[in-house]
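> This is protein38.cif, which holds mmCIF, N, CA and C atoms:
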data_final
loop_
_atom_site.label_atom_id
_atom_site.label_comp_id
_atom_site.auth_asym_id
_atom_site.auth_seq_id
_atom_site.Cartn_x
_atom_site.Cartn_y
_atom_site.Cartn_z
N MET A 171 -36.05 -230.47 123.72
CA MET A 171 -37.23 -231.00 123.07
C MET A 171 -37.12 -230.73 121.57
N THR A 172 -37.42 -231.71 120.78
CA THR A 172 -37.32 -231.58 119.33
C THR A 172 -38.69 -231.74 118.71
N ASN A 173 -39.02 -230.86 117.80
CA ASN A 173 -40.24 -230.95 117.00
C ASN A 173 -39.83 -230.99 115.53
N LYS A 174 -40.68 -231.58 114.70
CA LYS A 174 -40.42 -231.56 113.25
C LYS A 174 -41.16 -230.39 112.65
N GLN A 175 -40.45 -229.60 111.85
CA GLN A 175 -41.10 -228.52 111.13
C GLN A 175 -41.80 -229.09 109.91
N ASN A 176 -42.53 -228.24 109.21
CA ASN A 176 -43.26 -228.67 108.01
C ASN A 176 -42.33 -229.27 106.96
N ASN A 177 -41.10 -228.77 106.86
CA ASN A 177 -40.18 -229.25 105.83
C ASN A 177 -39.39 -230.48 106.28
N GLY A 178 -39.70 -231.03 107.41
CA GLY A 178 -39.01 -232.21 107.88
C GLY A 178 -37.75 -231.95 108.69
N GLU A 179 -37.27 -230.70 108.72
CA GLU A 179 -36.07 -230.36 109.49
C GLU A 179 -36.42 -230.30 110.98
N PRO A 180 -35.51 -230.73 111.84
CA PRO A 180 -35.80 -230.67 113.28
C PRO A 180 -35.84 -229.21 113.77
N ARG A 181 -36.67 -228.99 114.75
CA ARG A 181 -36.77 -227.66 115.37
C ARG A 181 -36.54 -227.87 116.86
N TYR A 182 -35.60 -227.09 117.43
CA TYR A 182 -35.23 -227.25 118.83
C TYR A 182 -35.71 -226.06 119.65
N GLN A 183 -36.11 -226.31 120.89
CA GLN A 183 -36.45 -225.26 121.82
C GLN A 183 -35.27 -225.07 122.76
N ALA A 184 -34.97 -223.84 123.06
CA ALA A 184 -33.86 -223.56 123.98
C ALA A 184 -34.21 -222.36 124.85
N LEU A 185 -33.60 -222.30 126.01
CA LEU A 185 -33.75 -221.16 126.89
C LEU A 185 -32.63 -220.18 126.62
N SER A 186 -32.93 -218.91 126.66
CA SER A 186 -31.92 -217.89 126.46
C SER A 186 -30.99 -217.84 127.66
N PRO A 187 -29.69 -217.82 127.45
CA PRO A 187 -28.75 -217.70 128.58
C PRO A 187 -28.69 -216.28 129.13
N LEU A 188 -29.33 -215.34 128.44
CA LEU A 188 -29.28 -213.95 128.88
C LEU A 188 -30.18 -213.69 130.07
N GLY A 189 -31.24 -214.44 130.22
CA GLY A 189 -32.15 -214.23 131.33
C GLY A 189 -32.93 -212.94 131.17
N SER A 190 -33.63 -212.56 132.19
CA SER A 190 -34.40 -211.32 132.14
C SER A 190 -34.00 -210.45 133.32
N ALA A 191 -34.22 -209.16 133.16
CA ALA A 191 -33.86 -208.21 134.23
C ALA A 191 -34.78 -208.42 135.43
N CYS A 192 -34.18 -208.41 136.61
CA CYS A 192 -34.99 -208.59 137.81
C CYS A 192 -34.94 -207.37 138.72
N ARG A 193 -34.20 -206.36 138.31
CA ARG A 193 -34.12 -205.12 139.09
C ARG A 193 -34.23 -203.94 138.15
N GLU A 194 -34.70 -202.86 138.70
CA GLU A 194 -34.76 -201.63 137.92
C GLU A 194 -33.34 -201.07 137.76
N VAL A 195 -33.00 -200.69 136.56
CA VAL A 195 -31.67 -200.14 136.30
C VAL A 195 -31.65 -198.67 136.74
N THR A 196 -30.63 -198.32 137.51
CA THR A 196 -30.47 -196.94 137.95
C THR A 196 -29.13 -196.42 137.48
N LYS A 197 -29.02 -195.12 137.39
CA LYS A 197 -27.76 -194.52 136.98
C LYS A 197 -26.80 -194.50 138.16
N ALA A 198 -25.53 -194.64 137.86
CA ALA A 198 -24.50 -194.57 138.89
C ALA A 198 -24.37 -193.12 139.37
N ALA A 199 -23.90 -192.97 140.59
CA ALA A 199 -23.66 -191.63 141.11
C ALA A 199 -22.57 -190.96 140.29
N SER A 200 -22.69 -189.65 140.16
CA SER A 200 -21.67 -188.93 139.41
C SER A 200 -20.35 -188.96 140.18
N HIS A 201 -19.26 -188.95 139.46
CA HIS A 201 -17.95 -189.00 140.11
C HIS A 201 -17.48 -187.58 140.42
N SER A 202 -16.59 -187.50 141.38
CA SER A 202 -16.02 -186.23 141.77
C SER A 202 -14.67 -186.07 141.09
N SER A 203 -14.44 -184.91 140.50
CA SER A 203 -13.16 -184.69 139.84
C SER A 203 -12.08 -184.28 140.83
N ASP A 204 -12.48 -183.91 142.05
CA ASP A 204 -11.51 -183.50 143.07
C ASP A 204 -11.78 -184.25 144.36
N LEU A 205 -10.84 -185.07 144.76
CA LEU A 205 -11.00 -185.86 145.98
C LEU A 205 -10.37 -185.20 147.20
N ASN A 206 -9.80 -184.01 147.05
CA ASN A 206 -9.25 -183.29 148.20
C ASN A 206 -10.39 -183.01 149.18
N GLY A 207 -10.13 -183.29 150.45
CA GLY A 207 -11.13 -183.08 151.49
C GLY A 207 -12.12 -184.22 151.60
N LYS A 208 -12.00 -185.22 150.77
CA LYS A 208 -12.91 -186.37 150.80
C LYS A 208 -12.29 -187.51 151.59
N THR A 209 -13.16 -188.37 152.13
CA THR A 209 -12.73 -189.56 152.85
C THR A 209 -12.91 -190.75 151.92
N ILE A 210 -11.81 -191.47 151.70
CA ILE A 210 -11.80 -192.60 150.77
C ILE A 210 -11.53 -193.87 151.57
N CYS A 211 -12.39 -194.84 151.42
CA CYS A 211 -12.24 -196.11 152.14
C CYS A 211 -11.79 -197.20 151.18
N GLU A 212 -10.78 -197.93 151.59
CA GLU A 212 -10.30 -199.09 150.82
C GLU A 212 -11.01 -200.34 151.34
N LEU A 213 -11.63 -201.08 150.45
CA LEU A 213 -12.26 -202.34 150.81
C LEU A 213 -11.57 -203.44 150.02
N ASP A 214 -11.03 -204.42 150.71
CA ASP A 214 -10.32 -205.46 149.98
C ASP A 214 -11.15 -206.69 149.71
N GLY A 215 -12.13 -207.00 150.53
CA GLY A 215 -12.93 -208.20 150.32
C GLY A 215 -12.07 -209.46 150.24
N ARG A 216 -10.85 -209.36 150.78
CA ARG A 216 -9.88 -210.45 150.75
C ARG A 216 -9.63 -210.90 149.31
N GLY A 217 -9.59 -209.91 148.40
CA GLY A 217 -9.38 -210.18 146.98
C GLY A 217 -7.92 -210.42 146.64
N PHE A 218 -7.70 -210.81 145.42
CA PHE A 218 -6.38 -211.17 144.91
C PHE A 218 -5.39 -210.03 145.04
N ARG A 219 -4.37 -210.21 145.87
CA ARG A 219 -3.24 -209.29 146.07
C ARG A 219 -3.68 -207.85 146.41
N ALA A 220 -4.83 -207.72 147.04
CA ALA A 220 -5.31 -206.40 147.43
C ALA A 220 -4.34 -205.72 148.38
N ASP A 221 -3.67 -206.51 149.23
CA ASP A 221 -2.72 -205.94 150.18
C ASP A 221 -1.57 -205.23 149.46
N GLU A 222 -1.29 -205.60 148.23
CA GLU A 222 -0.23 -204.96 147.45
C GLU A 222 -0.78 -203.83 146.57
N THR A 223 -1.88 -204.11 145.89
CA THR A 223 -2.39 -203.14 144.92
C THR A 223 -3.01 -201.91 145.58
N LEU A 224 -3.68 -202.10 146.72
CA LEU A 224 -4.30 -200.95 147.37
C LEU A 224 -3.25 -199.95 147.85
N ILE A 225 -2.09 -200.42 148.26
CA ILE A 225 -1.00 -199.52 148.67
C ILE A 225 -0.57 -198.64 147.49
N VAL A 226 -0.45 -199.23 146.32
CA VAL A 226 -0.05 -198.47 145.13
C VAL A 226 -1.14 -197.48 144.74
N ILE A 227 -2.39 -197.92 144.74
CA ILE A 227 -3.50 -197.03 144.40
C ILE A 227 -3.55 -195.85 145.36
N ARG A 228 -3.42 -196.13 146.67
CA ARG A 228 -3.44 -195.06 147.68
C ARG A 228 -2.31 -194.07 147.45
N SER A 229 -1.12 -194.58 147.18
CA SER A 229 0.03 -193.72 146.95
C SER A 229 -0.19 -192.78 145.76
N LEU A 230 -0.70 -193.33 144.68
CA LEU A 230 -0.95 -192.51 143.49
C LEU A 230 -2.03 -191.46 143.74
N LEU A 231 -3.08 -191.85 144.47
CA LEU A 231 -4.14 -190.89 144.78
C LEU A 231 -3.67 -189.80 145.73
N LYS A 232 -2.81 -190.16 146.70
CA LYS A 232 -2.28 -189.15 147.64
C LYS A 232 -1.45 -188.10 146.90
N LYS A 233 -0.70 -188.53 145.88
CA LYS A 233 0.08 -187.57 145.09
C LYS A 233 -0.83 -186.61 144.35
N ARG A 234 -1.90 -187.14 143.81
CA ARG A 234 -2.82 -186.32 143.01
C ARG A 234 -3.76 -185.49 143.88
N PHE A 235 -4.16 -186.04 145.03
CA PHE A 235 -5.10 -185.37 145.94
C PHE A 235 -4.54 -185.39 147.37
N PRO A 236 -3.57 -184.53 147.67
CA PRO A 236 -2.92 -184.56 148.99
C PRO A 236 -3.87 -184.26 150.15
N GLY A 237 -5.01 -183.66 149.88
CA GLY A 237 -5.96 -183.34 150.95
C GLY A 237 -6.97 -184.43 151.23
N ALA A 238 -6.84 -185.57 150.56
CA ALA A 238 -7.77 -186.68 150.78
C ALA A 238 -7.39 -187.47 152.02
N LYS A 239 -8.39 -187.97 152.71
CA LYS A 239 -8.18 -188.81 153.90
C LYS A 239 -8.47 -190.25 153.50
N PHE A 240 -7.64 -191.18 153.94
CA PHE A 240 -7.81 -192.59 153.58
C PHE A 240 -8.10 -193.44 154.80
N ILE A 241 -9.06 -194.32 154.66
CA ILE A 241 -9.33 -195.36 155.65
C ILE A 241 -8.80 -196.64 155.02
N GLU A 242 -7.72 -197.15 155.59
CA GLU A 242 -7.02 -198.27 154.98
C GLU A 242 -7.81 -199.58 155.08
N ALA A 243 -7.55 -200.46 154.12
CA ALA A 243 -8.20 -201.76 154.07
C ALA A 243 -8.06 -202.48 155.41
N GLY A 244 -9.13 -203.12 155.82
CA GLY A 244 -9.13 -203.85 157.09
C GLY A 244 -9.72 -203.06 158.23
N THR A 245 -9.79 -201.73 158.09
CA THR A 245 -10.38 -200.90 159.14
C THR A 245 -11.88 -201.12 159.20
N ILE A 246 -12.52 -201.17 158.05
CA ILE A 246 -13.95 -201.44 157.95
C ILE A 246 -14.10 -202.82 157.30
N PHE A 247 -14.90 -203.67 157.93
CA PHE A 247 -15.12 -205.02 157.42
C PHE A 247 -15.72 -204.96 156.02
N SER A 248 -15.13 -205.71 155.12
CA SER A 248 -15.59 -205.79 153.75
C SER A 248 -16.04 -207.21 153.47
N PRO A 249 -17.34 -207.43 153.25
CA PRO A 249 -17.80 -208.80 153.03
C PRO A 249 -17.26 -209.38 151.73
N GLY A 250 -16.63 -210.52 151.82
CA GLY A 250 -16.11 -211.19 150.63
C GLY A 250 -17.09 -212.24 150.13
N SER A 251 -16.69 -212.98 149.15
CA SER A 251 -17.58 -213.98 148.54
C SER A 251 -17.96 -215.07 149.53
N GLN A 252 -17.07 -215.40 150.47
CA GLN A 252 -17.40 -216.42 151.46
C GLN A 252 -18.53 -215.97 152.36
N ASP A 253 -18.52 -214.69 152.74
CA ASP A 253 -19.59 -214.16 153.58
C ASP A 253 -20.92 -214.21 152.83
N GLN A 254 -20.86 -213.86 151.55
CA GLN A 254 -22.08 -213.86 150.75
C GLN A 254 -22.58 -215.29 150.53
N ALA A 255 -21.67 -216.21 150.32
CA ALA A 255 -22.05 -217.61 150.11
C ALA A 255 -22.60 -218.23 151.39
N ALA A 256 -22.19 -217.72 152.53
CA ALA A 256 -22.64 -218.27 153.82
C ALA A 256 -24.06 -217.85 154.15
N GLY A 257 -24.71 -217.10 153.26
CA GLY A 257 -26.10 -216.71 153.48
C GLY A 257 -26.27 -215.50 154.36
N ILE A 258 -25.19 -214.75 154.57
CA ILE A 258 -25.32 -213.55 155.41
C ILE A 258 -25.09 -212.29 154.58
N ARG A 259 -25.32 -212.40 153.29
CA ARG A 259 -25.03 -211.29 152.38
C ARG A 259 -25.74 -210.00 152.81
N GLU A 260 -27.04 -210.07 153.01
CA GLU A 260 -27.81 -208.86 153.32
C GLU A 260 -27.35 -208.25 154.64
N LYS A 261 -27.12 -209.09 155.64
CA LYS A 261 -26.65 -208.61 156.95
C LYS A 261 -25.29 -207.95 156.81
N SER A 262 -24.37 -208.60 156.11
CA SER A 262 -23.02 -208.04 155.99
C SER A 262 -23.01 -206.76 155.17
N LEU A 263 -23.84 -206.68 154.13
CA LEU A 263 -23.90 -205.45 153.33
C LEU A 263 -24.53 -204.31 154.13
N ASN A 264 -25.53 -204.59 154.94
CA ASN A 264 -26.12 -203.56 155.80
C ASN A 264 -25.11 -203.05 156.82
N GLU A 265 -24.32 -203.95 157.38
CA GLU A 265 -23.28 -203.54 158.33
C GLU A 265 -22.22 -202.69 157.64
N LEU A 266 -21.86 -203.06 156.42
CA LEU A 266 -20.89 -202.28 155.66
C LEU A 266 -21.43 -200.89 155.37
N ARG A 267 -22.66 -200.81 154.92
CA ARG A 267 -23.30 -199.52 154.63
C ARG A 267 -23.29 -198.62 155.87
N SER A 268 -23.65 -199.19 157.02
CA SER A 268 -23.67 -198.42 158.27
C SER A 268 -22.28 -197.93 158.65
N ALA A 269 -21.28 -198.80 158.52
CA ALA A 269 -19.90 -198.43 158.88
C ALA A 269 -19.38 -197.32 157.96
N LEU A 270 -19.68 -197.41 156.67
CA LEU A 270 -19.24 -196.37 155.74
C LEU A 270 -19.87 -195.02 156.09
N MET A 271 -21.14 -195.04 156.41
CA MET A 271 -21.83 -193.79 156.79
C MET A 271 -21.29 -193.25 158.10
N GLN A 272 -21.04 -194.13 159.05
CA GLN A 272 -20.52 -193.72 160.37
C GLN A 272 -19.16 -193.05 160.24
N HIS A 273 -18.33 -193.51 159.31
CA HIS A 273 -17.00 -192.93 159.10
C HIS A 273 -17.01 -191.76 158.12
N GLY A 274 -18.17 -191.40 157.60
CA GLY A 274 -18.27 -190.27 156.69
C GLY A 274 -17.56 -190.50 155.36
N VAL A 275 -17.62 -191.72 154.85
CA VAL A 275 -16.92 -192.08 153.62
C VAL A 275 -17.61 -191.45 152.41
N ASP A 276 -16.79 -190.82 151.56
CA ASP A 276 -17.28 -190.20 150.33
C ASP A 276 -17.05 -191.08 149.10
N ALA A 277 -16.01 -191.91 149.15
CA ALA A 277 -15.65 -192.75 148.00
C ALA A 277 -15.07 -194.06 148.50
N VAL A 278 -15.18 -195.10 147.68
CA VAL A 278 -14.70 -196.43 148.03
C VAL A 278 -13.83 -196.96 146.90
N ILE A 279 -12.73 -197.59 147.27
CA ILE A 279 -11.89 -198.31 146.31
C ILE A 279 -12.10 -199.79 146.58
N THR A 280 -12.59 -200.51 145.58
CA THR A 280 -12.83 -201.93 145.74
C THR A 280 -12.77 -202.60 144.37
N GLY A 281 -12.66 -203.92 144.37
CA GLY A 281 -12.71 -204.66 143.12
C GLY A 281 -11.41 -204.65 142.33
N ASN A 282 -10.31 -204.33 142.96
CA ASN A 282 -9.04 -204.35 142.26
C ASN A 282 -8.49 -205.77 142.22
N GLY A 283 -7.58 -206.01 141.32
CA GLY A 283 -6.94 -207.31 141.23
C GLY A 283 -7.76 -208.28 140.40
N ALA A 284 -7.66 -209.56 140.75
CA ALA A 284 -8.33 -210.66 140.06
C ALA A 284 -7.99 -210.59 138.64
#
Output the file's structure in the form of structure tokens.


Amino acid sequence: MTNKQNNGEPRYQALSPLGSACREVTKAASHSSDLNGKTICELDGRGFRADETLIVIRSLLKKRFPGAKFIEAGTIFSPGSQDQAAGIREKSLNELRSALMQHGVDAVITGNGA
């Protein structure tokens, strides 16, 4: 929509692409400096080359934290973008949350690649 200002120059109305916040911002959980004795779950979400990169990440973490336990990718279902697009996002995330708690997971590796 265009309006004329007092000086004759056009004035345009636009919507901000930034949008507005729709959720309360919370702080992330503090990280652990020692993963020995912790259970770490790999979630691939069928992401780009996760089958290759998660192996490398696991190997490096095992060297640094030999007492860590790993739940390899594919053991616990990880909802990918297709699951979320199919309208089952909330159901799949609730199932993921339950599975992580059931396995006593302390940390998650996800979002690698792309």

> Find, counting only N, CA and C atoms, the residue in A:Ala238, A:Ile246, A:Ala184, A:Gln272 that gets nearest to Asn206 (chain A).

A:Ala238

> What is the atom N of Leu263 (chain A)-atom C of Leu213 (chain A) distance in Å, reported with one decimal?

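Distance between the two atoms: 13.3 Å.
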
> With the PyMOL selection byres ((chain A and resi 209) around 7) as the selection, what would be picked from this file? Answer as an mmCIF file with N, CA and C atoms, in the frame of the given file, please.


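Printed below is expr-v4.cif as written:
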data_model
loop_
_atom_site.group_PDB
_atom_site.id
_atom_site.type_symbol
_atom_site.label_atom_id
_atom_site.label_comp_id
_atom_site.auth_asym_id
_atom_site.auth_seq_id
_atom_site.Cartn_x
_atom_site.Cartn_y
_atom_site.Cartn_z
ATOM 1 N N LEU A 205 -10.840 -185.070 144.760
ATOM 2 C CA LEU A 205 -11.000 -185.860 145.980
ATOM 3 C C LEU A 205 -10.370 -185.200 147.200
ATOM 4 N N ASN A 206 -9.800 -184.010 147.050
ATOM 5 C CA ASN A 206 -9.250 -183.290 148.200
ATOM 6 C C ASN A 206 -10.390 -183.010 149.180
ATOM 7 N N GLY A 207 -10.130 -183.290 150.450
ATOM 8 C CA GLY A 207 -11.130 -183.080 151.490
ATOM 9 C C GLY A 207 -12.120 -184.220 151.600
ATOM 10 N N LYS A 208 -12.000 -185.220 150.770
ATOM 11 C CA LYS A 208 -12.910 -186.370 150.800
ATOM 12 C C LYS A 208 -12.290 -187.510 151.590
ATOM 13 N N ILE A 210 -11.810 -191.470 151.700
ATOM 14 C CA ILE A 210 -11.800 -192.600 150.770
ATOM 15 C C ILE A 210 -11.530 -193.870 151.570
ATOM 16 N N CYS A 211 -12.390 -194.840 151.420
ATOM 17 C CA CYS A 211 -12.240 -196.110 152.140
ATOM 18 C C CYS A 211 -11.790 -197.200 151.180
ATOM 19 N N ALA A 238 -6.840 -185.570 150.560
ATOM 20 C CA ALA A 238 -7.770 -186.680 150.780
ATOM 21 C C ALA A 238 -7.390 -187.470 152.020
ATOM 22 N N LYS A 239 -8.390 -187.970 152.710
ATOM 23 C CA LYS A 239 -8.180 -188.810 153.900
ATOM 24 C C LYS A 239 -8.470 -190.250 153.500
ATOM 25 N N PHE A 240 -7.640 -191.180 153.940
ATOM 26 C CA PHE A 240 -7.810 -192.590 153.580
ATOM 27 C C PHE A 240 -8.100 -193.440 154.800
ATOM 28 N N ILE A 241 -9.060 -194.320 154.660
ATOM 29 C CA ILE A 241 -9.330 -195.360 155.650
ATOM 30 C C ILE A 241 -8.800 -196.640 155.020
ATOM 31 N N GLY A 274 -18.170 -191.400 157.600
ATOM 32 C CA GLY A 274 -18.270 -190.270 156.690
ATOM 33 C C GLY A 274 -17.560 -190.500 155.360
ATOM 34 N N VAL A 275 -17.620 -191.720 154.850
ATOM 35 C CA VAL A 275 -16.920 -192.080 153.620
ATOM 36 C C VAL A 275 -17.610 -191.450 152.410
ATOM 37 N N ASP A 276 -16.790 -190.820 151.560
ATOM 38 C CA ASP A 276 -17.280 -190.200 150.330
ATOM 39 C C ASP A 276 -17.050 -191.080 149.100
ATOM 40 N N ALA A 277 -16.010 -191.910 149.150
ATOM 41 C CA ALA A 277 -15.650 -192.750 148.000
ATOM 42 C C ALA A 277 -15.070 -194.060 148.500
ATOM 43 N N VAL A 278 -15.180 -195.100 147.680
ATOM 44 C CA VAL A 278 -14.700 -196.430 148.030
ATOM 45 C C VAL A 278 -13.830 -196.960 146.900
#

> Report, in Å to a single decimal, how far apart atom N of Arg267 (chain A) and atom C of Ser248 (chain A) are.

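Separation between atom C of Ser248 (chain A) and atom N of Arg267 (chain A): 9.3 Å.
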
> What separation in Å, quoted to one decimal, exists between atom C of Gly244 (chain A) and atom C of Ser202 (chain A)?

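Distance between the two atoms: 24.6 Å.
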
> Calculated over only C-alpha atoms, which of the candidates A:Glu265, A:Glu179, A:Glu212, A:Asp204 has the smallest distance to Thr245 (chain A)?

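Using only C-alpha atoms, the shortest distance to Thr245 (chain A) belongs to A:Glu212.
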